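J.: Input model04.txt, format and content: compact mmCIF, N, CA and C atoms.
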```txt
# COMPACT_ATOMS: atom_id res chain seq x y z
N MET O 1 109.45 109.21 63.50
CA MET O 1 109.47 110.28 64.47
C MET O 1 109.05 111.56 63.77
N ASN O 2 107.94 112.12 64.22
CA ASN O 2 107.43 113.37 63.67
C ASN O 2 107.68 114.51 64.63
N VAL O 3 107.83 115.68 64.10
CA VAL O 3 108.06 116.86 64.92
C VAL O 3 106.85 117.77 64.76
N ASP O 4 106.25 118.14 65.89
CA ASP O 4 105.14 119.09 65.87
C ASP O 4 105.72 120.49 65.67
N ASP O 5 105.26 121.19 64.64
CA ASP O 5 105.86 122.48 64.30
C ASP O 5 105.63 123.54 65.36
N GLU O 6 104.45 123.52 66.01
CA GLU O 6 104.15 124.56 66.99
C GLU O 6 104.95 124.39 68.27
N ALA O 7 104.99 123.20 68.82
CA ALA O 7 105.63 122.99 70.12
C ALA O 7 107.08 122.59 69.98
N LYS O 8 107.49 122.17 68.83
CA LYS O 8 108.85 121.73 68.57
C LYS O 8 109.28 120.62 69.52
N LYS O 9 108.36 119.68 69.74
CA LYS O 9 108.75 118.54 70.55
C LYS O 9 108.37 117.27 69.81
N VAL O 10 109.00 116.18 70.19
CA VAL O 10 108.85 114.91 69.49
C VAL O 10 107.55 114.26 69.90
N ILE O 11 106.81 113.74 68.93
CA ILE O 11 105.58 113.01 69.18
C ILE O 11 105.90 111.52 69.07
N TRP O 12 105.61 110.75 70.12
CA TRP O 12 105.96 109.34 70.14
C TRP O 12 104.75 108.46 69.86
N SER O 13 103.65 109.00 69.41
CA SER O 13 102.45 108.20 69.17
C SER O 13 102.67 107.29 67.97
N LEU O 14 102.29 106.03 68.11
CA LEU O 14 102.42 105.08 67.02
C LEU O 14 101.38 105.34 65.93
N GLN O 15 100.32 106.04 66.26
CA GLN O 15 99.26 106.29 65.29
C GLN O 15 99.35 107.68 64.70
N ASN O 16 100.43 108.37 64.97
CA ASN O 16 100.69 109.67 64.36
C ASN O 16 99.58 110.67 64.69
N ASN O 17 99.03 110.57 65.90
CA ASN O 17 97.96 111.47 66.37
C ASN O 17 96.74 111.49 65.46
N LYS O 18 96.35 110.35 64.96
CA LYS O 18 95.21 110.27 64.06
C LYS O 18 93.91 109.98 64.80
N ARG O 19 93.98 109.62 66.08
CA ARG O 19 92.75 109.31 66.81
C ARG O 19 92.05 110.58 67.25
N THR O 20 90.73 110.53 67.21
CA THR O 20 89.94 111.66 67.70
C THR O 20 89.78 111.54 69.21
N GLU O 21 89.21 112.55 69.80
CA GLU O 21 88.99 112.53 71.26
C GLU O 21 88.02 111.43 71.66
N ALA O 22 87.00 111.17 70.86
CA ALA O 22 86.04 110.10 71.15
C ALA O 22 86.72 108.74 71.09
N GLU O 23 87.62 108.55 70.15
CA GLU O 23 88.34 107.28 70.07
C GLU O 23 89.27 107.08 71.25
N ARG O 24 89.83 108.18 71.77
CA ARG O 24 90.71 108.08 72.93
C ARG O 24 89.93 107.73 74.20
N ASN O 25 88.68 108.17 74.28
CA ASN O 25 87.88 107.96 75.48
C ASN O 25 87.09 106.66 75.46
N VAL O 26 87.32 105.80 74.48
CA VAL O 26 86.59 104.53 74.41
C VAL O 26 86.88 103.67 75.63
N PHE O 27 88.11 103.68 76.10
CA PHE O 27 88.51 102.81 77.20
C PHE O 27 88.47 103.52 78.55
N ALA O 28 87.74 104.61 78.64
CA ALA O 28 87.61 105.30 79.91
C ALA O 28 86.78 104.45 80.87
N PRO O 29 87.05 104.53 82.17
CA PRO O 29 86.29 103.73 83.13
C PRO O 29 84.82 104.13 83.15
N THR O 30 83.95 103.11 83.27
CA THR O 30 82.51 103.35 83.23
C THR O 30 81.92 103.55 84.61
N GLY O 31 82.63 103.18 85.66
CA GLY O 31 82.10 103.28 87.01
C GLY O 31 81.41 102.02 87.46
N LYS O 32 81.20 101.06 86.56
CA LYS O 32 80.57 99.79 86.93
C LYS O 32 81.62 98.87 87.54
N LYS O 33 81.19 98.10 88.53
CA LYS O 33 82.10 97.10 89.10
C LYS O 33 82.15 95.89 88.19
N PRO O 34 83.32 95.30 88.02
CA PRO O 34 83.39 94.10 87.19
C PRO O 34 82.63 92.94 87.85
N MET O 35 82.09 92.06 87.00
CA MET O 35 81.30 90.94 87.50
C MET O 35 82.19 89.93 88.24
N ASN O 36 81.72 89.46 89.37
CA ASN O 36 82.43 88.45 90.13
C ASN O 36 82.19 87.09 89.48
N LYS O 37 83.24 86.45 89.01
CA LYS O 37 83.10 85.22 88.26
C LYS O 37 83.45 83.97 89.08
N ASN O 38 83.52 84.10 90.41
CA ASN O 38 83.87 82.95 91.23
C ASN O 38 82.86 81.82 91.10
N LEU O 39 81.59 82.14 91.05
CA LEU O 39 80.55 81.13 90.92
C LEU O 39 80.67 80.40 89.59
N VAL O 40 80.98 81.13 88.54
CA VAL O 40 81.15 80.51 87.22
C VAL O 40 82.33 79.54 87.25
N TYR O 41 83.43 79.96 87.90
CA TYR O 41 84.61 79.10 87.98
C TYR O 41 84.33 77.83 88.78
N VAL O 42 83.63 77.98 89.90
CA VAL O 42 83.32 76.82 90.74
C VAL O 42 82.40 75.85 90.00
N LEU O 43 81.37 76.37 89.35
CA LEU O 43 80.45 75.50 88.61
C LEU O 43 81.12 74.82 87.43
N SER O 44 82.01 75.52 86.76
CA SER O 44 82.72 74.88 85.64
C SER O 44 83.69 73.82 86.15
N ALA O 45 84.33 74.04 87.29
CA ALA O 45 85.21 73.01 87.86
C ALA O 45 84.43 71.77 88.25
N ILE O 46 83.25 71.96 88.84
CA ILE O 46 82.41 70.82 89.21
C ILE O 46 81.94 70.08 87.96
N GLY O 47 81.54 70.82 86.93
CA GLY O 47 81.09 70.20 85.68
C GLY O 47 82.20 69.42 84.99
N ILE O 48 83.39 69.99 84.94
CA ILE O 48 84.52 69.30 84.31
C ILE O 48 84.88 68.05 85.09
N THR O 49 84.85 68.14 86.41
CA THR O 49 85.15 66.96 87.23
C THR O 49 84.10 65.87 87.02
N PHE O 50 82.83 66.26 86.89
CA PHE O 50 81.79 65.27 86.65
C PHE O 50 81.96 64.61 85.29
N LEU O 51 82.32 65.39 84.27
CA LEU O 51 82.57 64.81 82.94
C LEU O 51 83.78 63.88 82.96
N MET O 52 84.81 64.24 83.73
CA MET O 52 85.98 63.37 83.86
C MET O 52 85.61 62.06 84.55
N SER O 53 84.79 62.14 85.58
CA SER O 53 84.40 60.92 86.28
C SER O 53 83.51 60.06 85.39
N PHE O 54 82.69 60.67 84.55
CA PHE O 54 81.88 59.90 83.60
C PHE O 54 82.77 59.19 82.59
N ALA O 55 83.80 59.89 82.10
CA ALA O 55 84.73 59.27 81.16
C ALA O 55 85.51 58.13 81.84
N LEU O 56 85.90 58.33 83.09
CA LEU O 56 86.61 57.27 83.81
C LEU O 56 85.72 56.05 84.03
N SER O 57 84.44 56.28 84.26
CA SER O 57 83.54 55.14 84.46
C SER O 57 83.31 54.38 83.15
N LEU O 58 83.40 55.06 82.01
CA LEU O 58 83.25 54.38 80.73
C LEU O 58 84.46 53.53 80.38
N PHE O 59 85.65 53.94 80.85
CA PHE O 59 86.87 53.17 80.56
C PHE O 59 86.96 51.89 81.38
N SER O 60 86.21 51.80 82.44
CA SER O 60 86.26 50.62 83.30
C SER O 60 85.49 49.47 82.65
N LYS O 61 86.18 48.38 82.35
CA LYS O 61 85.54 47.23 81.71
C LYS O 61 85.01 46.21 82.73
N GLU O 62 85.60 46.20 83.91
CA GLU O 62 85.20 45.22 84.92
C GLU O 62 84.00 45.72 85.71
N THR O 63 83.19 44.79 86.18
CA THR O 63 82.06 45.13 87.03
C THR O 63 82.57 45.34 88.45
N THR O 64 82.17 46.45 89.03
CA THR O 64 82.63 46.81 90.37
C THR O 64 81.43 46.96 91.29
N GLN O 65 81.54 46.38 92.46
CA GLN O 65 80.53 46.53 93.50
C GLN O 65 80.99 47.65 94.42
N PHE O 66 80.20 48.69 94.60
CA PHE O 66 80.58 49.82 95.44
C PHE O 66 79.42 50.19 96.35
N CYS O 67 79.77 50.77 97.50
CA CYS O 67 78.77 51.12 98.51
C CYS O 67 78.91 52.59 98.90
N PHE O 68 77.78 53.25 99.16
CA PHE O 68 77.75 54.62 99.65
C PHE O 68 77.57 54.62 101.16
N LEU O 69 78.57 54.98 101.89
CA LEU O 69 78.57 55.21 103.33
C LEU O 69 78.21 53.99 104.19
N ILE O 70 77.21 53.22 103.85
CA ILE O 70 76.83 52.06 104.66
C ILE O 70 76.84 50.81 103.76
N ASP O 71 76.99 49.65 104.38
CA ASP O 71 77.12 48.41 103.62
C ASP O 71 75.82 47.95 102.98
N ASN O 72 74.69 48.41 103.45
CA ASN O 72 73.40 48.00 102.89
C ASN O 72 73.03 48.78 101.63
N TYR O 73 73.74 49.84 101.34
CA TYR O 73 73.42 50.73 100.22
C TYR O 73 74.47 50.54 99.12
N CYS O 74 74.49 49.35 98.49
CA CYS O 74 75.52 49.00 97.52
C CYS O 74 74.94 48.93 96.11
N PHE O 75 75.80 49.18 95.11
CA PHE O 75 75.40 49.17 93.71
C PHE O 75 76.40 48.38 92.88
N ASN O 76 75.99 48.09 91.66
CA ASN O 76 76.84 47.43 90.69
C ASN O 76 77.16 48.45 89.60
N SER O 77 78.41 48.48 89.12
CA SER O 77 78.80 49.53 88.17
C SER O 77 78.20 49.32 86.79
N THR O 78 77.88 48.09 86.40
CA THR O 78 77.29 47.87 85.08
C THR O 78 75.78 48.14 85.09
N GLU O 79 75.13 47.89 86.22
CA GLU O 79 73.68 48.11 86.30
C GLU O 79 73.33 49.57 86.55
N ASN O 80 74.17 50.28 87.26
CA ASN O 80 73.91 51.69 87.62
C ASN O 80 75.12 52.56 87.23
N PRO O 81 75.28 52.89 85.95
CA PRO O 81 76.46 53.67 85.55
C PRO O 81 76.43 55.12 86.08
N ILE O 82 75.25 55.70 86.27
CA ILE O 82 75.17 57.06 86.80
C ILE O 82 75.59 57.09 88.27
N ALA O 83 75.17 56.09 89.04
CA ALA O 83 75.59 56.02 90.45
C ALA O 83 77.10 55.79 90.55
N TYR O 84 77.65 54.99 89.64
CA TYR O 84 79.09 54.74 89.63
C TYR O 84 79.85 56.02 89.25
N THR O 85 79.30 56.79 88.32
CA THR O 85 79.90 58.07 87.95
C THR O 85 79.89 59.02 89.14
N PHE O 86 78.78 59.08 89.87
CA PHE O 86 78.69 59.92 91.05
C PHE O 86 79.67 59.47 92.14
N TYR O 87 79.85 58.15 92.26
CA TYR O 87 80.80 57.59 93.23
C TYR O 87 82.23 58.03 92.90
N ILE O 88 82.60 57.96 91.62
CA ILE O 88 83.93 58.41 91.20
C ILE O 88 84.07 59.91 91.41
N PHE O 89 83.01 60.66 91.10
CA PHE O 89 83.00 62.11 91.29
C PHE O 89 83.26 62.48 92.75
N MET O 90 82.58 61.80 93.67
CA MET O 90 82.78 62.08 95.09
C MET O 90 84.21 61.75 95.52
N ASN O 91 84.75 60.63 95.03
CA ASN O 91 86.11 60.27 95.40
C ASN O 91 87.12 61.27 94.86
N LEU O 92 86.92 61.77 93.65
CA LEU O 92 87.83 62.79 93.10
C LEU O 92 87.80 64.06 93.95
N TRP O 93 86.60 64.49 94.36
CA TRP O 93 86.52 65.71 95.15
C TRP O 93 87.05 65.52 96.56
N ILE O 94 86.95 64.32 97.10
CA ILE O 94 87.58 64.06 98.40
C ILE O 94 89.09 64.19 98.28
N LEU O 95 89.66 63.68 97.18
CA LEU O 95 91.10 63.82 96.96
C LEU O 95 91.50 65.28 96.75
N ILE O 96 90.74 66.01 95.94
CA ILE O 96 91.06 67.41 95.66
C ILE O 96 90.98 68.25 96.93
N LEU O 97 89.93 68.06 97.72
CA LEU O 97 89.79 68.81 98.97
C LEU O 97 90.86 68.41 99.99
N GLY O 98 91.22 67.14 100.03
CA GLY O 98 92.29 66.70 100.93
C GLY O 98 93.62 67.33 100.59
N ILE O 99 93.94 67.41 99.30
CA ILE O 99 95.20 68.05 98.89
C ILE O 99 95.16 69.54 99.21
N GLY O 100 94.02 70.19 98.97
CA GLY O 100 93.90 71.62 99.28
C GLY O 100 94.02 71.91 100.76
N ILE O 101 93.39 71.10 101.59
CA ILE O 101 93.47 71.30 103.05
C ILE O 101 94.88 71.02 103.56
N ALA O 102 95.53 69.98 103.01
CA ALA O 102 96.91 69.70 103.41
C ALA O 102 97.84 70.86 103.01
N TYR O 103 97.59 71.47 101.86
CA TYR O 103 98.39 72.62 101.43
C TYR O 103 98.20 73.79 102.39
N LEU O 104 96.94 74.08 102.76
CA LEU O 104 96.69 75.20 103.67
C LEU O 104 97.31 74.97 105.05
N ILE O 105 97.21 73.74 105.57
CA ILE O 105 97.81 73.43 106.86
C ILE O 105 99.33 73.57 106.78
N GLY O 106 99.92 73.04 105.71
CA GLY O 106 101.37 73.15 105.54
C GLY O 106 101.83 74.59 105.39
N LYS O 107 101.04 75.40 104.72
CA LYS O 107 101.39 76.81 104.56
C LYS O 107 101.35 77.54 105.90
N LYS O 108 100.31 77.25 106.71
CA LYS O 108 100.20 77.90 108.02
C LYS O 108 101.34 77.45 108.94
N LEU O 109 101.66 76.15 108.91
CA LEU O 109 102.76 75.65 109.73
C LEU O 109 104.09 76.22 109.27
N GLY O 110 104.26 76.36 107.95
CA GLY O 110 105.49 76.93 107.42
C GLY O 110 105.66 78.38 107.81
N ASN O 111 104.56 79.13 107.85
CA ASN O 111 104.65 80.54 108.27
C ASN O 111 104.90 80.66 109.77
N ARG O 112 104.39 79.71 110.55
CA ARG O 112 104.58 79.77 112.00
C ARG O 112 105.99 79.39 112.41
N PHE O 113 106.56 78.35 111.77
CA PHE O 113 107.88 77.86 112.14
C PHE O 113 108.91 78.24 111.07
N LYS O 114 109.22 79.50 111.00
CA LYS O 114 110.23 79.97 110.03
C LYS O 114 111.61 79.59 110.54
N ILE O 115 112.41 79.06 109.63
CA ILE O 115 113.78 78.66 110.03
C ILE O 115 114.77 79.65 109.43
```
Spit out the file's structure as structure tokens when you get a sec.
T.:
Amino acid sequence: MNVDDEAKKVIWSLQNNKRTEAERNVFAPTGKKPMNKNLVYVLSAIGITFLMSFALSLFSKETTQFCFLIDNYCFNSTENPIAYTFYIFMNLWILILGIGIAYLIGKKLGNRFKI
């Protein structure tokens, strides 16, 4: 605790008033808006989910027959590993979106029917 001789009041600065005015103004607002990072977050979530589905397809030792939307458009997991990875990716996102939509519906119902 230092005492300023002129003002006779206590100085609580941890740096003992050693900073110059330029050093104090380093963190002044610039007027620029911060960058919106929602797109980066969404793309990274999609990329991580795709990598997870690729890893899950590598762990599968059995051959799996899977179809996209119609029965005539079927693939084998050992012959087409990229299509199988995409199939797992779509199933993961269907689950994630289903959980998110169920949460939103439950939240709206909970707000409407307060007990």
J.: Hey, which of O:Ser60, O:Asn80, O:Leu109, O:Ala45 ends up closest to Ile96 of chain O? Count only C-alpha atoms.
T.: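 Between O:Ser60, O:Asn80, O:Leu109, O:Ala45, the residue approaching Ile96 of chain O most closely is O:Ala45.
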J.: Mind giving me the straight-line distance from atom C of Glu62 of chain O to atom N of Thr78 of chain O in Å, one decimal?
T.: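 If I compute the distance from atom C of Glu62 of chain O to atom N of Thr78 of chain O, I get 6.6 Å.
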J.: Give me, please, the distance in Å between atom N of Ile88 of chain O and atom N of Tyr73 of chain O, quoted to one decimal.
T.: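 So the two atoms, atom N of Ile88 of chain O and atom N of Tyr73 of chain O, lie 15.5 Å apart.
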J.: Would you give me, as an MDAnalysis selection string, the residues in segment 51-107 of chain O that DSSP reads as helix (DSSP H, G or I)?
T.: chainID O and resid 51:59 81:107
J.: What is the distance between atom CA of Asn38 of chain O and atom CA of Ala102 of chain O, in Å to one decimal?
T.: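 That distance, rounded to one decimal, is 22.2 Å.
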J.: Got a sec to tell me which of segment 27-103 of chain O DSSP assigns to strand (DSSP E or B), as a PyMOL selection string?
T.: chain O and resi 65-67+74-76
J.: I need the residue nearest Met90 of chain O from this list: O:Ser53, O:Thr63, O:Asn36, O:Ser77. Use all atoms listed in the file for the distance.
T.: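 Using all atoms listed in the file, Met90 of chain O sits closest to O:Ser53.
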J.: Measuring atom to atom with only C-alpha atoms, identify which of O:Leu104, O:Gly98, O:Phe113, O:Asn91 is nearest to Phe50 of chain O.
T.: O:Asn91
J.: Name the residues in contact with Cys67 of chain O at a cut-off of 10 Å, using only C-alpha atoms, excluding same-chain residues fewer than 4 positions from it; report them as a ChimeraX atom specification.
T.: /O:71-76,83-84,87
J.: With N, CA and C atoms retained, could you export that selection as a PDB file, keeping the file's coordinate frame?
T.:
```pdb
ATOM      1  N   ASP O  71      76.990  49.650 104.380  1.00  0.00           N
ATOM      2  CA  ASP O  71      77.120  48.410 103.620  1.00  0.00           C
ATOM      3  C   ASP O  71      75.820  47.950 102.980  1.00  0.00           C
ATOM      4  N   ASN O  72      74.690  48.410 103.450  1.00  0.00           N
ATOM      5  CA  ASN O  72      73.400  48.000 102.890  1.00  0.00           C
ATOM      6  C   ASN O  72      73.030  48.780 101.630  1.00  0.00           C
ATOM      7  N   TYR O  73      73.740  49.840 101.340  1.00  0.00           N
ATOM      8  CA  TYR O  73      73.420  50.730 100.220  1.00  0.00           C
ATOM      9  C   TYR O  73      74.470  50.540  99.120  1.00  0.00           C
ATOM     10  N   CYS O  74      74.490  49.350  98.490  1.00  0.00           N
ATOM     11  CA  CYS O  74      75.520  49.000  97.520  1.00  0.00           C
ATOM     12  C   CYS O  74      74.940  48.930  96.110  1.00  0.00           C
ATOM     13  N   PHE O  75      75.800  49.180  95.110  1.00  0.00           N
ATOM     14  CA  PHE O  75      75.400  49.170  93.710  1.00  0.00           C
ATOM     15  C   PHE O  75      76.400  48.380  92.880  1.00  0.00           C
ATOM     16  N   ASN O  76      75.990  48.090  91.660  1.00  0.00           N
ATOM     17  CA  ASN O  76      76.840  47.430  90.690  1.00  0.00           C
ATOM     18  C   ASN O  76      77.160  48.450  89.600  1.00  0.00           C
ATOM     19  N   ALA O  83      75.170  56.090  89.040  1.00  0.00           N
ATOM     20  CA  ALA O  83      75.590  56.020  90.450  1.00  0.00           C
ATOM     21  C   ALA O  83      77.100  55.790  90.550  1.00  0.00           C
ATOM     22  N   TYR O  84      77.650  54.990  89.640  1.00  0.00           N
ATOM     23  CA  TYR O  84      79.090  54.740  89.630  1.00  0.00           C
ATOM     24  C   TYR O  84      79.850  56.020  89.250  1.00  0.00           C
ATOM     25  N   TYR O  87      79.850  58.150  92.260  1.00  0.00           N
ATOM     26  CA  TYR O  87      80.800  57.590  93.230  1.00  0.00           C
ATOM     27  C   TYR O  87      82.230  58.030  92.900  1.00  0.00           C
TER      28      TYR O  87
END
```
J.: For segment 40-51 of chain O, supply all heavy atoms and report the output as an mmCIF file, in the frame of the given file.
T.:
```cif
data_model
loop_
_atom_site.group_PDB
_atom_site.id
_atom_site.type_symbol
_atom_site.label_atom_id
_atom_site.label_comp_id
_atom_site.auth_asym_id
_atom_site.auth_seq_id
_atom_site.Cartn_x
_atom_site.Cartn_y
_atom_site.Cartn_z
ATOM 1 N N VAL O 40 80.980 81.130 88.540
ATOM 2 C CA VAL O 40 81.150 80.510 87.220
ATOM 3 C C VAL O 40 82.330 79.540 87.250
ATOM 4 O O VAL O 40 82.262 78.435 86.710
ATOM 5 C CB VAL O 40 81.357 81.597 86.142
ATOM 6 C CG1 VAL O 40 81.687 80.989 84.799
ATOM 7 C CG2 VAL O 40 80.135 82.477 86.040
ATOM 8 N N TYR O 41 83.430 79.960 87.900
ATOM 9 C CA TYR O 41 84.610 79.100 87.980
ATOM 10 C C TYR O 41 84.330 77.830 88.780
ATOM 11 O O TYR O 41 84.749 76.744 88.404
ATOM 12 C CB TYR O 41 85.788 79.856 88.590
ATOM 13 C CG TYR O 41 86.271 81.017 87.755
ATOM 14 C CD1 TYR O 41 86.796 82.150 88.358
ATOM 15 C CD2 TYR O 41 86.200 80.998 86.368
ATOM 16 C CE1 TYR O 41 87.240 83.216 87.605
ATOM 17 C CE2 TYR O 41 86.636 82.061 85.613
ATOM 18 C CZ TYR O 41 87.157 83.161 86.232
ATOM 19 O OH TYR O 41 87.600 84.216 85.486
ATOM 20 N N VAL O 42 83.630 77.980 89.900
ATOM 21 C CA VAL O 42 83.320 76.820 90.740
ATOM 22 C C VAL O 42 82.400 75.850 90.000
ATOM 23 O O VAL O 42 82.635 74.626 89.990
ATOM 24 C CB VAL O 42 82.699 77.272 92.081
ATOM 25 C CG1 VAL O 42 82.109 76.101 92.839
ATOM 26 C CG2 VAL O 42 83.734 77.989 92.921
ATOM 27 N N LEU O 43 81.370 76.370 89.350
ATOM 28 C CA LEU O 43 80.450 75.500 88.610
ATOM 29 C C LEU O 43 81.120 74.820 87.430
ATOM 30 O O LEU O 43 80.863 73.645 87.144
ATOM 31 C CB LEU O 43 79.225 76.290 88.150
ATOM 32 C CG LEU O 43 78.282 76.754 89.250
ATOM 33 C CD1 LEU O 43 77.152 77.587 88.669
ATOM 34 C CD2 LEU O 43 77.731 75.577 90.038
ATOM 35 N N SER O 44 82.010 75.520 86.760
ATOM 36 C CA SER O 44 82.720 74.880 85.640
ATOM 37 C C SER O 44 83.690 73.820 86.150
ATOM 38 O O SER O 44 83.850 72.778 85.504
ATOM 39 C CB SER O 44 83.446 75.924 84.797
ATOM 40 O OG SER O 44 84.417 76.594 85.562
ATOM 41 N N ALA O 45 84.330 74.040 87.290
ATOM 42 C CA ALA O 45 85.210 73.010 87.860
ATOM 43 C C ALA O 45 84.430 71.770 88.250
ATOM 44 O O ALA O 45 84.863 70.639 88.012
ATOM 45 C CB ALA O 45 85.960 73.576 89.080
ATOM 46 N N ILE O 46 83.250 71.960 88.840
ATOM 47 C CA ILE O 46 82.410 70.820 89.210
ATOM 48 C C ILE O 46 81.940 70.080 87.960
ATOM 49 O O ILE O 46 81.953 68.854 87.896
ATOM 50 C CB ILE O 46 81.219 71.293 90.074
ATOM 51 C CG1 ILE O 46 81.732 71.717 91.453
ATOM 52 C CG2 ILE O 46 80.156 70.215 90.206
ATOM 53 C CD1 ILE O 46 80.686 72.382 92.317
ATOM 54 N N GLY O 47 81.540 70.820 86.930
ATOM 55 C CA GLY O 47 81.090 70.200 85.680
ATOM 56 C C GLY O 47 82.200 69.420 84.990
ATOM 57 O O GLY O 47 81.981 68.303 84.501
ATOM 58 N N ILE O 48 83.390 69.990 84.940
ATOM 59 C CA ILE O 48 84.520 69.300 84.310
ATOM 60 C C ILE O 48 84.880 68.050 85.090
ATOM 61 O O ILE O 48 85.161 66.996 84.506
ATOM 62 C CB ILE O 48 85.714 70.264 84.175
ATOM 63 C CG1 ILE O 48 85.411 71.304 83.106
ATOM 64 C CG2 ILE O 48 86.995 69.523 83.843
ATOM 65 C CD1 ILE O 48 86.394 72.443 83.051
ATOM 66 N N THR O 49 84.850 68.140 86.410
ATOM 67 C CA THR O 49 85.150 66.960 87.230
ATOM 68 C C THR O 49 84.100 65.870 87.020
ATOM 69 O O THR O 49 84.425 64.689 86.964
ATOM 70 C CB THR O 49 85.220 67.342 88.713
ATOM 71 O OG1 THR O 49 86.077 68.461 88.866
ATOM 72 C CG2 THR O 49 85.756 66.201 89.542
ATOM 73 N N PHE O 50 82.830 66.260 86.890
ATOM 74 C CA PHE O 50 81.790 65.270 86.650
ATOM 75 C C PHE O 50 81.960 64.610 85.290
ATOM 76 O O PHE O 50 81.792 63.395 85.151
ATOM 77 C CB PHE O 50 80.400 65.923 86.769
ATOM 78 C CG PHE O 50 79.289 64.915 86.793
ATOM 79 C CD1 PHE O 50 79.038 64.191 87.945
ATOM 80 C CD2 PHE O 50 78.515 64.679 85.672
ATOM 81 C CE1 PHE O 50 78.022 63.248 87.987
ATOM 82 C CE2 PHE O 50 77.504 63.742 85.694
ATOM 83 C CZ PHE O 50 77.249 63.024 86.853
ATOM 84 N N LEU O 51 82.320 65.390 84.270
ATOM 85 C CA LEU O 51 82.570 64.810 82.940
ATOM 86 C C LEU O 51 83.780 63.880 82.960
ATOM 87 O O LEU O 51 83.778 62.824 82.308
ATOM 88 C CB LEU O 51 82.772 65.911 81.905
ATOM 89 C CG LEU O 51 81.522 66.690 81.513
ATOM 90 C CD1 LEU O 51 81.879 67.831 80.575
ATOM 91 C CD2 LEU O 51 80.505 65.765 80.866
#
```
